[in-house]
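Below is one structure, written out as structure tokens, with a few remarks after it.
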Amino acid sequence: MYFGKEKEQNSDRTPPNQRVTTGWPVLHVGNVPYYEKDLSNWDLRIGGLVDRPTVFSFQELLTLPEASKKNDIHCVTGWSKFDNVWEGIATRTIAEHVGIRKEAKFVMVEAEEGWTTNLPLEDFLAETSLLAYKHNGEVLTPEHGYPFRLVIPHLYFWKSAKWIRAIKFRSENQQGFWERNGYHMYGDPWKEQRFAWD
Ligand SMILES: Nc1nc2c(c(=O)[nH]1)N[C@H]1C(S)=C(S)[C@@H](COP(=O)(O)O)O[C@H]1N2
Ligand SMILES: [Mo]
């Protein structure tokens, strides 16, 4: 792995004990999912505490207004990657579409093979959060989350679920996959909230 220059390591863009990489490591548990070319076997379910539970096909999602955002990402294993340009759909657009009820305070994100992660609603709805299908101008590769992944850049990157299949709005904060396995419920890289006890 190539690490960036000393100058970047010390910049105020790098959270504590992170190192900048120009590559893009692939990290996940389980298998990279296989989809039919036309994505007819893929959908995204939005439910829980919403007024209009919705099942989006891939084509239906692409009819929503597009968003593009540039940000830095920080993996809990210690690498950070700067200036990622993502194209996709703002999480706020999804929220407006389904109508989030006021009892909703947390989000559970479900991916292929039952992988999950949780975060507060406020963070899901941050101006910087989106559902991405392109990175730096290219459609996401299968390894990086094709067709859609969540991107929540202000939290450690494990909150940015690849291969998302459902988003559920909840009144309680429940643990996702890594959160059950010792990772922090929130995961702020600037406060080094890596593990449950941090
Ligand atoms: N579905 C799914 N999403 C996931 C994971 C996973 O295991 N399954 N791992 C997370 C972790 S720990 C990290 S660091 C990032 C890595 O994304 P990348 O492989 O595109 O760098 O994906 C996150 N999203
Ligand atoms: Mo990670």
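Labeling convention for the structure tokens: chains A, B, ... as they appear, residues from 1 per chain, ligands from 1 in order of appearance.
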
Quick check for you: according to DSSP on this backbone, which residues of stretch 31-167 of chain A are classed as strand (DSSP E or B)? Reply as a ChimeraX atom specification. /A:43-48,50,54-57,67-74,79-90,100,106-111,116-120,130-135,138-139,149-151,164-167

Throw together the list of residues within 7 Å of ligand 1, counting only C-alpha atoms and all ligand atoms, and drop it here as a PDB file with N, CA, C and O atoms, in the first residue's frame.
```pdb
ATOM      1  N   TRP A  24      -7.037   2.411  -3.030  1.00  0.00           N
ATOM      2  CA  TRP A  24      -8.352   2.241  -2.403  1.00  0.00           C
ATOM      3  C   TRP A  24      -8.501   0.782  -1.971  1.00  0.00           C
ATOM      4  O   TRP A  24      -8.895  -0.066  -2.777  1.00  0.00           O
ATOM      5  N   PRO A  25      -8.155   0.507  -0.716  1.00  0.00           N
ATOM      6  CA  PRO A  25      -8.267  -0.870  -0.229  1.00  0.00           C
ATOM      7  C   PRO A  25      -9.707  -1.376  -0.313  1.00  0.00           C
ATOM      8  O   PRO A  25     -10.646  -0.579  -0.273  1.00  0.00           O
ATOM      9  N   VAL A  26      -9.858  -2.671  -0.445  1.00  0.00           N
ATOM     10  CA  VAL A  26     -11.180  -3.314  -0.421  1.00  0.00           C
ATOM     11  C   VAL A  26     -11.298  -4.055   0.903  1.00  0.00           C
ATOM     12  O   VAL A  26     -10.439  -4.869   1.231  1.00  0.00           O
ATOM     13  N   LEU A  27     -12.337  -3.729   1.667  1.00  0.00           N
ATOM     14  CA  LEU A  27     -12.536  -4.379   2.964  1.00  0.00           C
ATOM     15  C   LEU A  27     -13.990  -4.765   3.160  1.00  0.00           C
ATOM     16  O   LEU A  27     -14.875  -3.922   3.028  1.00  0.00           O
ATOM     17  N   HIS A  28     -14.230  -6.005   3.467  1.00  0.00           N
ATOM     18  CA  HIS A  28     -15.573  -6.434   3.849  1.00  0.00           C
ATOM     19  C   HIS A  28     -15.538  -7.860   4.366  1.00  0.00           C
ATOM     20  O   HIS A  28     -14.552  -8.563   4.183  1.00  0.00           O
ATOM     21  N   VAL A  29     -16.617  -8.272   4.987  1.00  0.00           N
ATOM     22  CA  VAL A  29     -16.804  -9.681   5.325  1.00  0.00           C
ATOM     23  C   VAL A  29     -17.793 -10.266   4.316  1.00  0.00           C
ATOM     24  O   VAL A  29     -18.635  -9.547   3.783  1.00  0.00           O
ATOM     25  N   GLY A  30     -17.694 -11.538   4.038  1.00  0.00           N
ATOM     26  CA  GLY A  30     -18.629 -12.204   3.138  1.00  0.00           C
ATOM     27  C   GLY A  30     -18.230 -12.055   1.682  1.00  0.00           C
ATOM     28  O   GLY A  30     -17.106 -11.647   1.356  1.00  0.00           O
ATOM     29  N   CYS A  75     -11.073   4.884   7.236  1.00  0.00           N
ATOM     30  CA  CYS A  75     -11.361   3.504   7.650  1.00  0.00           C
ATOM     31  C   CYS A  75     -10.804   3.256   9.044  1.00  0.00           C
ATOM     32  O   CYS A  75      -9.695   3.689   9.363  1.00  0.00           O
ATOM     33  N   VAL A  76     -11.547   2.525   9.829  1.00  0.00           N
ATOM     34  CA  VAL A  76     -11.154   2.240  11.216  1.00  0.00           C
ATOM     35  C   VAL A  76      -9.839   1.460  11.283  1.00  0.00           C
ATOM     36  O   VAL A  76      -9.133   1.511  12.288  1.00  0.00           O
ATOM     37  N   ALA A 111     -27.488  -4.702   4.179  1.00  0.00           N
ATOM     38  CA  ALA A 111     -26.811  -4.999   2.916  1.00  0.00           C
ATOM     39  C   ALA A 111     -26.992  -6.485   2.586  1.00  0.00           C
ATOM     40  O   ALA A 111     -27.662  -7.213   3.319  1.00  0.00           O
ATOM     41  N   GLU A 112     -26.392  -6.911   1.481  1.00  0.00           N
ATOM     42  CA  GLU A 112     -26.440  -8.322   1.097  1.00  0.00           C
ATOM     43  C   GLU A 112     -25.920  -9.203   2.235  1.00  0.00           C
ATOM     44  O   GLU A 112     -25.108  -8.757   3.047  1.00  0.00           O
ATOM     45  N   TRP A 115     -25.622  -8.356   6.252  1.00  0.00           N
ATOM     46  CA  TRP A 115     -24.698  -7.398   6.903  1.00  0.00           C
ATOM     47  C   TRP A 115     -25.458  -6.101   7.212  1.00  0.00           C
ATOM     48  O   TRP A 115     -26.259  -5.635   6.397  1.00  0.00           O
ATOM     49  N   GLU A 143     -16.552  -4.886  -6.095  1.00  0.00           N
ATOM     50  CA  GLU A 143     -15.841  -4.948  -4.808  1.00  0.00           C
ATOM     51  C   GLU A 143     -16.113  -3.728  -3.934  1.00  0.00           C
ATOM     52  O   GLU A 143     -16.076  -3.818  -2.716  1.00  0.00           O
ATOM     53  N   HIS A 144     -16.375  -2.587  -4.558  1.00  0.00           N
ATOM     54  CA  HIS A 144     -16.596  -1.352  -3.789  1.00  0.00           C
ATOM     55  C   HIS A 144     -18.075  -1.040  -3.583  1.00  0.00           C
ATOM     56  O   HIS A 144     -18.418   0.039  -3.099  1.00  0.00           O
ATOM     57  N   GLY A 145     -18.968  -1.962  -3.961  1.00  0.00           N
ATOM     58  CA  GLY A 145     -20.361  -1.795  -3.555  1.00  0.00           C
ATOM     59  C   GLY A 145     -21.415  -1.704  -4.630  1.00  0.00           C
ATOM     60  O   GLY A 145     -22.565  -1.385  -4.315  1.00  0.00           O
ATOM     61  N   PHE A 157     -15.507   4.477   8.063  1.00  0.00           N
ATOM     62  CA  PHE A 157     -16.051   4.012   6.789  1.00  0.00           C
ATOM     63  C   PHE A 157     -16.871   2.712   6.902  1.00  0.00           C
ATOM     64  O   PHE A 157     -17.540   2.327   5.951  1.00  0.00           O
ATOM     65  N   TRP A 158     -16.824   2.034   8.044  1.00  0.00           N
ATOM     66  CA  TRP A 158     -17.660   0.830   8.132  1.00  0.00           C
ATOM     67  C   TRP A 158     -19.147   1.179   8.164  1.00  0.00           C
ATOM     68  O   TRP A 158     -19.993   0.335   7.877  1.00  0.00           O
ATOM     69  N   LYS A 159     -19.468   2.448   8.491  1.00  0.00           N
ATOM     70  CA  LYS A 159     -20.873   2.873   8.457  1.00  0.00           C
ATOM     71  C   LYS A 159     -21.370   3.039   7.016  1.00  0.00           C
ATOM     72  O   LYS A 159     -22.574   3.173   6.795  1.00  0.00           O
ATOM     73  N   SER A 160     -20.441   3.059   6.069  1.00  0.00           N
ATOM     74  CA  SER A 160     -20.793   3.272   4.659  1.00  0.00           C
ATOM     75  C   SER A 160     -21.021   1.923   3.976  1.00  0.00           C
ATOM     76  O   SER A 160     -20.150   1.398   3.270  1.00  0.00           O
ATOM     77  N   ALA A 161     -22.206   1.368   4.212  1.00  0.00           N
ATOM     78  CA  ALA A 161     -22.516   0.002   3.761  1.00  0.00           C
ATOM     79  C   ALA A 161     -22.441  -0.138   2.250  1.00  0.00           C
ATOM     80  O   ALA A 161     -22.997   0.678   1.516  1.00  0.00           O
ATOM     81  N   LYS A 162     -21.765  -1.198   1.814  1.00  0.00           N
ATOM     82  CA  LYS A 162     -21.743  -1.547   0.395  1.00  0.00           C
ATOM     83  C   LYS A 162     -22.938  -2.463   0.116  1.00  0.00           C
ATOM     84  O   LYS A 162     -23.452  -3.113   1.010  1.00  0.00           O
ATOM     85  N   TRP A 163     -23.348  -2.543  -1.134  1.00  0.00           N
ATOM     86  CA  TRP A 163     -24.424  -3.469  -1.570  1.00  0.00           C
ATOM     87  C   TRP A 163     -25.693  -3.314  -0.730  1.00  0.00           C
ATOM     88  O   TRP A 163     -26.292  -4.285  -0.265  1.00  0.00           O
ATOM     89  N   ILE A 164     -26.101  -2.066  -0.526  1.00  0.00           N
ATOM     90  CA  ILE A 164     -27.281  -1.817   0.309  1.00  0.00           C
ATOM     91  C   ILE A 164     -28.539  -2.408  -0.318  1.00  0.00           C
ATOM     92  O   ILE A 164     -28.727  -2.363  -1.533  1.00  0.00           O
TER      93      ILE A 164
END
```

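Taking only C-alpha atoms, the non-local environment of A:Glu127 within 9 Å (same-chain residues fewer than 5 positions away omitted) comprises Ala90, Thr91 and Arg92 of chain A.
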
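Taking only C-alpha atoms into account, A:Thr54 lies nearest to A:Ala166 out of the set A:Leu130, A:Ala104, A:Ala166, A:Ile152.
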
List as an MDAnalysis selection string the protein and nucleic acid residues near stretch 188-198 of chain A, meaning an atom at most 10 Å away when only C-alpha atoms are counted, but skip any in the same chain fewer than 2 places from it. chainID A and resid 13:18 73:78 153:157 178:186

Save out the residues we just selected, N, CA and C atoms, as a tab-separated table (two decimals), in the first residue's frame.
```tsv
chain	number	residue	atom	x	y	z
A	13	ARG	N	-6.56	17.61	7.96
A	13	ARG	CA	-7.59	16.76	7.34
A	13	ARG	C	-7.47	15.31	7.78
A	14	THR	N	-6.41	14.98	8.49
A	14	THR	CA	-6.19	13.58	8.85
A	14	THR	C	-6.55	13.34	10.32
A	15	PRO	N	-7.57	12.55	10.60
A	15	PRO	CA	-7.92	12.26	12.00
A	15	PRO	C	-6.79	11.51	12.72
A	16	PRO	N	-6.79	11.51	14.04
A	16	PRO	CA	-5.69	10.90	14.79
A	16	PRO	C	-5.44	9.43	14.41
A	17	ASN	N	-4.16	9.11	14.28
A	17	ASN	CA	-3.72	7.74	13.99
A	17	ASN	C	-4.25	7.16	12.69
A	18	GLN	N	-4.49	8.04	11.72
A	18	GLN	CA	-4.84	7.61	10.36
A	18	GLN	C	-3.67	7.93	9.44
A	73	ILE	N	-12.54	9.99	3.24
A	73	ILE	CA	-13.06	8.85	3.99
A	73	ILE	C	-11.98	8.29	4.91
A	74	HIS	N	-12.42	7.70	6.03
A	74	HIS	CA	-11.51	7.26	7.07
A	74	HIS	C	-11.90	5.86	7.55
A	75	CYS	N	-11.07	4.88	7.24
A	75	CYS	CA	-11.36	3.50	7.65
A	75	CYS	C	-10.80	3.26	9.04
A	76	VAL	N	-11.55	2.52	9.83
A	76	VAL	CA	-11.15	2.24	11.22
A	76	VAL	C	-9.84	1.46	11.28
A	77	THR	N	-9.46	0.77	10.20
A	77	THR	CA	-8.19	0.03	10.20
A	77	THR	C	-6.99	0.96	9.98
A	78	GLY	N	-7.25	2.27	9.77
A	78	GLY	CA	-6.15	3.23	9.80
A	78	GLY	C	-5.84	3.96	8.51
A	153	PRO	N	-19.38	10.14	5.09
A	153	PRO	CA	-17.93	10.39	5.21
A	153	PRO	C	-17.47	10.87	6.57
A	154	HIS	N	-18.36	11.45	7.38
A	154	HIS	CA	-17.90	12.00	8.67
A	154	HIS	C	-17.82	10.94	9.76
A	155	LEU	N	-18.21	9.70	9.45
A	155	LEU	CA	-18.05	8.59	10.41
A	155	LEU	C	-17.06	7.58	9.80
A	156	TYR	N	-16.47	6.73	10.66
A	156	TYR	CA	-15.58	5.68	10.12
A	156	TYR	C	-16.30	4.93	9.01
A	157	PHE	N	-15.51	4.48	8.06
A	157	PHE	CA	-16.05	4.01	6.79
A	157	PHE	C	-16.87	2.71	6.90
A	178	TRP	N	-20.87	-4.91	12.88
A	178	TRP	CA	-19.62	-4.64	13.60
A	178	TRP	C	-19.88	-4.08	14.99
A	179	GLU	N	-20.99	-3.38	15.14
A	179	GLU	CA	-21.32	-2.81	16.45
A	179	GLU	C	-21.58	-3.94	17.46
A	180	ARG	N	-22.17	-5.05	16.99
A	180	ARG	CA	-22.35	-6.22	17.87
A	180	ARG	C	-21.02	-6.89	18.17
A	181	ASN	N	-20.05	-6.69	17.28
A	181	ASN	CA	-18.76	-7.35	17.41
A	181	ASN	C	-17.67	-6.43	17.96
A	182	GLY	N	-18.08	-5.46	18.77
A	182	GLY	CA	-17.10	-4.66	19.52
A	182	GLY	C	-16.79	-3.29	18.98
A	183	TYR	N	-17.34	-2.94	17.82
A	183	TYR	CA	-17.09	-1.60	17.29
A	183	TYR	C	-18.03	-0.58	17.93
A	184	HIS	N	-17.64	0.68	17.81
A	184	HIS	CA	-18.36	1.77	18.46
A	184	HIS	C	-19.75	1.98	17.85
A	185	MET	N	-20.71	2.38	18.66
A	185	MET	CA	-22.07	2.63	18.16
A	185	MET	C	-22.11	3.82	17.21
A	186	TYR	N	-21.20	4.80	17.42
A	186	TYR	CA	-21.24	6.01	16.60
A	186	TYR	C	-20.09	6.07	15.60
```

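In terms of minimum interatomic distance to A:Leu121, A:Lys168 ranks closest within A:Lys81, A:Lys134, A:His97, A:Lys168, counting only C-alpha atoms.
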
For A:Phe106, list every protein, DNA or RNA residue within 12 Å, evaluated using only C-alpha atoms, and leave out those in the same chain fewer than 6 positions away; present the list as a PDB file with N, CA and C atoms, in the first residue's frame.
```
ATOM      1  N   GLY A  48     -39.809   0.987   7.857  1.00  0.00           N
ATOM      2  CA  GLY A  48     -39.780   1.369   9.266  1.00  0.00           C
ATOM      3  C   GLY A  48     -40.692   2.566   9.484  1.00  0.00           C
ATOM      4  N   LEU A  49     -40.222   3.542  10.251  1.00  0.00           N
ATOM      5  CA  LEU A  49     -41.046   4.693  10.645  1.00  0.00           C
ATOM      6  C   LEU A  49     -41.096   5.740   9.534  1.00  0.00           C
ATOM      7  N   ILE A 100     -40.157  10.659   6.482  1.00  0.00           N
ATOM      8  CA  ILE A 100     -39.728  10.092   7.767  1.00  0.00           C
ATOM      9  C   ILE A 100     -40.598  10.640   8.891  1.00  0.00           C
ATOM     10  N   THR A 117     -25.494  -2.090   9.504  1.00  0.00           N
ATOM     11  CA  THR A 117     -24.823  -1.085  10.333  1.00  0.00           C
ATOM     12  C   THR A 117     -25.859  -0.046  10.767  1.00  0.00           C
ATOM     13  N   ASN A 118     -25.631   0.569  11.917  1.00  0.00           N
ATOM     14  CA  ASN A 118     -26.601   1.513  12.486  1.00  0.00           C
ATOM     15  C   ASN A 118     -25.979   2.896  12.648  1.00  0.00           C
ATOM     16  N   LEU A 119     -26.829   3.903  12.569  1.00  0.00           N
ATOM     17  CA  LEU A 119     -26.368   5.278  12.808  1.00  0.00           C
ATOM     18  C   LEU A 119     -27.564   6.158  13.172  1.00  0.00           C
ATOM     19  N   PRO A 120     -27.283   7.299  13.816  1.00  0.00           N
ATOM     20  CA  PRO A 120     -28.381   8.212  14.132  1.00  0.00           C
ATOM     21  C   PRO A 120     -28.981   8.812  12.857  1.00  0.00           C
ATOM     22  N   LEU A 121     -30.261   9.113  12.905  1.00  0.00           N
ATOM     23  CA  LEU A 121     -30.950   9.716  11.756  1.00  0.00           C
ATOM     24  C   LEU A 121     -30.255  11.001  11.301  1.00  0.00           C
ATOM     25  N   GLU A 122     -29.869  11.816  12.273  1.00  0.00           N
ATOM     26  CA  GLU A 122     -29.220  13.095  11.976  1.00  0.00           C
ATOM     27  C   GLU A 122     -27.976  12.912  11.098  1.00  0.00           C
ATOM     28  N   ASP A 123     -27.218  11.871  11.358  1.00  0.00           N
ATOM     29  CA  ASP A 123     -25.999  11.613  10.584  1.00  0.00           C
ATOM     30  C   ASP A 123     -26.329  11.061   9.205  1.00  0.00           C
ATOM     31  N   PHE A 124     -27.359  10.211   9.169  1.00  0.00           N
ATOM     32  CA  PHE A 124     -27.825   9.711   7.875  1.00  0.00           C
ATOM     33  C   PHE A 124     -28.245  10.870   6.981  1.00  0.00           C
ATOM     34  N   LEU A 125     -28.887  11.863   7.593  1.00  0.00           N
ATOM     35  CA  LEU A 125     -29.415  12.998   6.826  1.00  0.00           C
ATOM     36  C   LEU A 125     -28.427  14.151   6.664  1.00  0.00           C
ATOM     37  N   ILE A 167     -33.122   0.188   4.001  1.00  0.00           N
ATOM     38  CA  ILE A 167     -32.855   1.246   4.966  1.00  0.00           C
ATOM     39  C   ILE A 167     -34.094   1.331   5.845  1.00  0.00           C
ATOM     40  N   LYS A 168     -33.909   1.153   7.152  1.00  0.00           N
ATOM     41  CA  LYS A 168     -35.057   1.113   8.062  1.00  0.00           C
ATOM     42  C   LYS A 168     -34.926   2.175   9.144  1.00  0.00           C
ATOM     43  N   PHE A 169     -35.965   2.952   9.287  1.00  0.00           N
ATOM     44  CA  PHE A 169     -35.983   4.044  10.252  1.00  0.00           C
ATOM     45  C   PHE A 169     -36.602   3.544  11.546  1.00  0.00           C
ATOM     46  N   ARG A 170     -35.906   3.812  12.660  1.00  0.00           N
ATOM     47  CA  ARG A 170     -36.257   3.225  13.948  1.00  0.00           C
ATOM     48  C   ARG A 170     -36.317   4.297  15.034  1.00  0.00           C
ATOM     49  N   SER A 171     -37.029   3.979  16.127  1.00  0.00           N
ATOM     50  CA  SER A 171     -37.032   4.882  17.277  1.00  0.00           C
ATOM     51  C   SER A 171     -35.880   4.561  18.231  1.00  0.00           C
ATOM     52  N   GLU A 172     -35.368   3.324  18.168  1.00  0.00           N
ATOM     53  CA  GLU A 172     -34.285   2.891  19.061  1.00  0.00           C
ATOM     54  C   GLU A 172     -33.014   2.641  18.251  1.00  0.00           C
ATOM     55  N   ASN A 173     -31.890   2.779  18.928  1.00  0.00           N
ATOM     56  CA  ASN A 173     -30.602   2.499  18.294  1.00  0.00           C
ATOM     57  C   ASN A 173     -30.224   1.038  18.525  1.00  0.00           C
ATOM     58  N   GLN A 174     -30.283   0.246  17.479  1.00  0.00           N
ATOM     59  CA  GLN A 174     -29.888  -1.170  17.595  1.00  0.00           C
ATOM     60  C   GLN A 174     -28.526  -1.376  16.965  1.00  0.00           C
ATOM     61  N   GLN A 175     -27.812  -2.406  17.408  1.00  0.00           N
ATOM     62  CA  GLN A 175     -26.468  -2.664  16.898  1.00  0.00           C
ATOM     63  C   GLN A 175     -26.507  -3.349  15.539  1.00  0.00           C
ATOM     64  N   GLY A 176     -25.642  -2.906  14.647  1.00  0.00           N
ATOM     65  CA  GLY A 176     -25.425  -3.600  13.390  1.00  0.00           C
ATOM     66  C   GLY A 176     -24.343  -4.658  13.552  1.00  0.00           C
ATOM     67  N   MET A 185     -20.709   2.383  18.661  1.00  0.00           N
ATOM     68  CA  MET A 185     -22.071   2.626  18.158  1.00  0.00           C
ATOM     69  C   MET A 185     -22.109   3.819  17.208  1.00  0.00           C
ATOM     70  N   TYR A 186     -21.198   4.797  17.419  1.00  0.00           N
ATOM     71  CA  TYR A 186     -21.238   6.009  16.603  1.00  0.00           C
ATOM     72  C   TYR A 186     -20.086   6.070  15.596  1.00  0.00           C
TER      73      TYR A 186
END
```

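Counting only C-alpha atoms and all ligand atoms and comparing A:Val85, A:Tyr34, A:Gly187, A:Arg165, the residue that lies closest to ligand 2 is A:Gly187.
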
Point out the residue among A:Asn136, A:Ser80, A:Thr93, A:Thr63 with the least atom-to-atom distance to ligand 2, counting only C-alpha atoms and all ligand atoms. A:Ser80

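In this comparison, which uses only C-alpha atoms and all ligand atoms, the residue of A:Tyr35, A:Trp79, A:Tyr133, A:Trp86 approaching ligand 2 most closely is A:Trp79.
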
Write out as a list of chain:residue names the residues lying within 6 Å of A:Leu131, counting only C-alpha atoms and excluding same-chain residues fewer than 2 positions away. A:Gly88, A:Ile89, A:Arg149, A:Leu150

Take the residues from that selection and put them in a file with N, CA and C atoms, as a compact mmCIF listing (two decimals), in the first residue's frame.
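The file below, again_0.txt, is the result:
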```txt
# COMPACT_ATOMS: atom_id res chain seq x y z
N GLY A 88 -24.52 10.12 -7.00
CA GLY A 88 -25.59 9.24 -6.57
C GLY A 88 -26.80 10.05 -6.18
N ILE A 89 -27.40 9.66 -5.06
CA ILE A 89 -28.64 10.30 -4.61
C ILE A 89 -28.44 10.72 -3.16
N ARG A 149 -23.94 2.03 -2.80
CA ARG A 149 -23.44 1.96 -1.43
C ARG A 149 -23.80 3.25 -0.73
N LEU A 150 -23.86 3.15 0.58
CA LEU A 150 -24.04 4.35 1.37
C LEU A 150 -22.67 5.02 1.54
```

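Nearest to A:Leu64 of all the residues A:Ile94, A:Val151, A:Ile46, A:Val139 is A:Ile94, counting only C-alpha atoms.
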
Per-residue DSSP, stretch 27-113 of chain A, filtered to helix (DSSP H, G or I), as a PyMOL selection string: chain A and resi 58-62+91-98+112-113

Save out the residues we just selected, C-alpha atoms, as a short mmCIF file (atom, residue, chain, number, x, y, z; two decimals), in the first residue's frame.
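Below you can see result06.cif, which holds the result:
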```cif
data_model
loop_
_atom_site.label_atom_id
_atom_site.label_comp_id
_atom_site.auth_asym_id
_atom_site.auth_seq_id
_atom_site.Cartn_x
_atom_site.Cartn_y
_atom_site.Cartn_z
CA PHE A 58 -32.60 0.27 -9.88
CA GLN A 59 -34.33 2.15 -12.71
CA GLU A 60 -36.71 3.89 -10.29
CA LEU A 61 -33.82 5.08 -8.13
CA LEU A 62 -32.15 6.60 -11.17
CA THR A 91 -29.96 10.63 1.55
CA ARG A 92 -32.21 13.68 2.05
CA THR A 93 -33.83 13.00 -1.32
CA ILE A 94 -34.70 9.46 -0.22
CA ALA A 95 -36.00 10.81 3.09
CA GLU A 96 -38.29 13.32 1.37
CA HIS A 97 -39.60 10.61 -0.93
CA VAL A 98 -40.69 8.27 1.88
CA GLU A 112 -26.44 -8.32 1.10
CA GLU A 113 -25.92 -11.45 3.20
#
```
